[in-house]
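Structure first, then comments.
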Amino acid sequence: MQVQMADTNHSTVTEFILAGLTDKPELQLPLFLLFLGIYLFTVLGNLGMIILILLSSHLHTPMYFFLSSLSFIDLCYSTVITPKMLVNFVAKKNVISYEECMTQLYFFLAFVISECHMLAAMAYDRYVAICNPLLYNVTMSYQICSWMVGGVYGMGLIGAAVHTLCMLRVVFCKVNIINHYFCDLFPLMELACSSTYVNEVVLLCLSAFNIFIPTLTILGSYIFIIISILRIKSTEGRFKAFSTCSSHFSAVSVFFGSLAFMYLQPFSVSSKDKGKVSSVFYTTIVPMLNPMIYSLRNRDVKLALNKLFQKKFHV
């Protein structure tokens, strides 16, 4: 049974059908193989980064403490989304119950909001390291870093709870096909039979906070970083610093750009297929790229990998 009668003379939906990325049969298998490869690479990259940081004592610094947390977030929210998307490519009808849909929505939002603020925390860490190196150990102590990471997860959990509670008050009836590959806010609101005005206001307010505040923190940090870099007389030192910043900033731009395109516009202007392509970037591509952008191009990480392999083969 997909619907049950409610006291309000509406039929309330008890399960949804996820439409997926495409309804073209010839694309199902190629897309399944593509996203399966991306997911496996994401899991191996992020899990490998967490293990490497845990095993390498010289990576036990604030920068890599934040990086391991970022890898954990990427691993989790990719796992919340991708397996269900893969099912859609091989199943005739990808059904998800109302309870599962709300659960997926909650954890997806919790990890995405956490990622926004974690990127800001990492930018602030680099600001302190470059602009105030003498105070770095005091400013970014283990206790302070732990509080920062705890605050990041706290904002994610609270923000997700607010969005999910607002969605739980919405009545769904008749149409139960979600025009997306996972349970997201806009596609769910398109199916609502009751008013979504409160949801839209909450969405715009919290999205603005969770996107603009981290973005301003990142931009402010990098403005001061660039000013400090320009004072460096060594050309090699400048190039190395700018190279690190450009890699981080490019990943931030893709993540926040896709989020802003998805959430920072009125619900009324959304198109039927709004956000699918944008969502692919921050739900699958960014988690895959982050280990490479933040880590694999880093000399410390390469050194840690070499030491780990040498120990293994020497033993």
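Residue numbers start at 1 in each chain; chains themselves are named A, B, ... in the order of the structure tokens; ligands are numbered from 1 in the order shown.
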
From a DSSP calculation on the backbone, collect every residue of segment 92-176 of chain A in strand (DSSP E or B) and output the set as a ChimeraX atom specification.
/A:94-97,172-173

Output N, CA, C and O atoms of each residue in that selection to a file, as an mmCIF file, in the first residue's frame.
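See part.cif below for the written result:
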```
data_model
loop_
_atom_site.group_PDB
_atom_site.id
_atom_site.type_symbol
_atom_site.label_atom_id
_atom_site.label_comp_id
_atom_site.auth_asym_id
_atom_site.auth_seq_id
_atom_site.Cartn_x
_atom_site.Cartn_y
_atom_site.Cartn_z
ATOM 1 N N ASN A 94 12.446 2.262 -7.860
ATOM 2 C CA ASN A 94 13.224 2.465 -6.635
ATOM 3 C C ASN A 94 12.327 3.056 -5.549
ATOM 4 O O ASN A 94 12.118 4.266 -5.477
ATOM 5 N N VAL A 95 11.788 2.189 -4.685
ATOM 6 C CA VAL A 95 10.848 2.611 -3.650
ATOM 7 C C VAL A 95 11.592 2.905 -2.355
ATOM 8 O O VAL A 95 12.521 2.189 -1.974
ATOM 9 N N ILE A 96 11.185 3.990 -1.694
ATOM 10 C CA ILE A 96 11.729 4.330 -0.383
ATOM 11 C C ILE A 96 10.560 4.712 0.524
ATOM 12 O O ILE A 96 9.674 5.473 0.119
ATOM 13 N N SER A 97 10.504 4.139 1.713
ATOM 14 C CA SER A 97 9.398 4.419 2.619
ATOM 15 C C SER A 97 9.484 5.856 3.131
ATOM 16 O O SER A 97 10.537 6.493 3.064
ATOM 17 N N PHE A 172 1.726 14.947 2.440
ATOM 18 C CA PHE A 172 1.945 14.457 1.075
ATOM 19 C C PHE A 172 0.763 13.587 0.680
ATOM 20 O O PHE A 172 0.364 12.689 1.425
ATOM 21 N N CYS A 173 0.210 13.824 -0.502
ATOM 22 C CA CYS A 173 -0.926 13.032 -0.942
ATOM 23 C C CYS A 173 -0.891 12.868 -2.459
ATOM 24 O O CYS A 173 -0.262 13.646 -3.168
#
```

Close residues, segment 21-24 of chain A itself excluded, 10 Å, only C-alpha atoms, min 5 positions apart in chain, as an NGL selection string
:A and (31 or 85 or 88-89 or 179-182 or 273 or 276-277 or 280)

For segment 173-252 of chain A against segment 115-132 of chain A, with a cut-off of 8 Å and counting only C-alpha atoms, what is the closest atom pair and its distance in Å to one decimal for every residue that makes the cut, ordered by chain and number, as a tab-separated table?
```
residue	atom	partner	partner_atom	distance
A:Asn210	CA	A:Cys116	CA	6.6
A:Ile211	CA	A:Cys116	CA	6.7
A:Pro214	CA	A:Ala120	CA	5.0
A:Thr215	CA	A:Ala120	CA	7.1
A:Thr217	CA	A:Ala120	CA	5.8
A:Ile218	CA	A:Ala120	CA	5.3
A:Ser221	CA	A:Tyr127	CA	5.3
A:Tyr222	CA	A:Tyr127	CA	7.0
A:Phe224	CA	A:Tyr127	CA	7.0
A:Ile225	CA	A:Tyr127	CA	5.8
A:Ser228	CA	A:Cys131	CA	6.2
A:Val252	CA	A:Leu119	CA	7.4
```

Can you pull out every residue from segment 110-286 of chain A that DSSP, working from the backbone, puts in alpha helix (DSSP H), and format the result as a count of residues only?
128

Write out as a VMD selection string the residues lying within 12 Å of Arg169 of chain A, counting only C-alpha atoms and excluding same-chain residues fewer than 5 positions away.
chain A and resid 12 102 162 to 164 189 192 to 199

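Coordinates place atom CA of Cys183 of chain A at a distance of 5.6 Å from atom CA of Leu105 of chain A.
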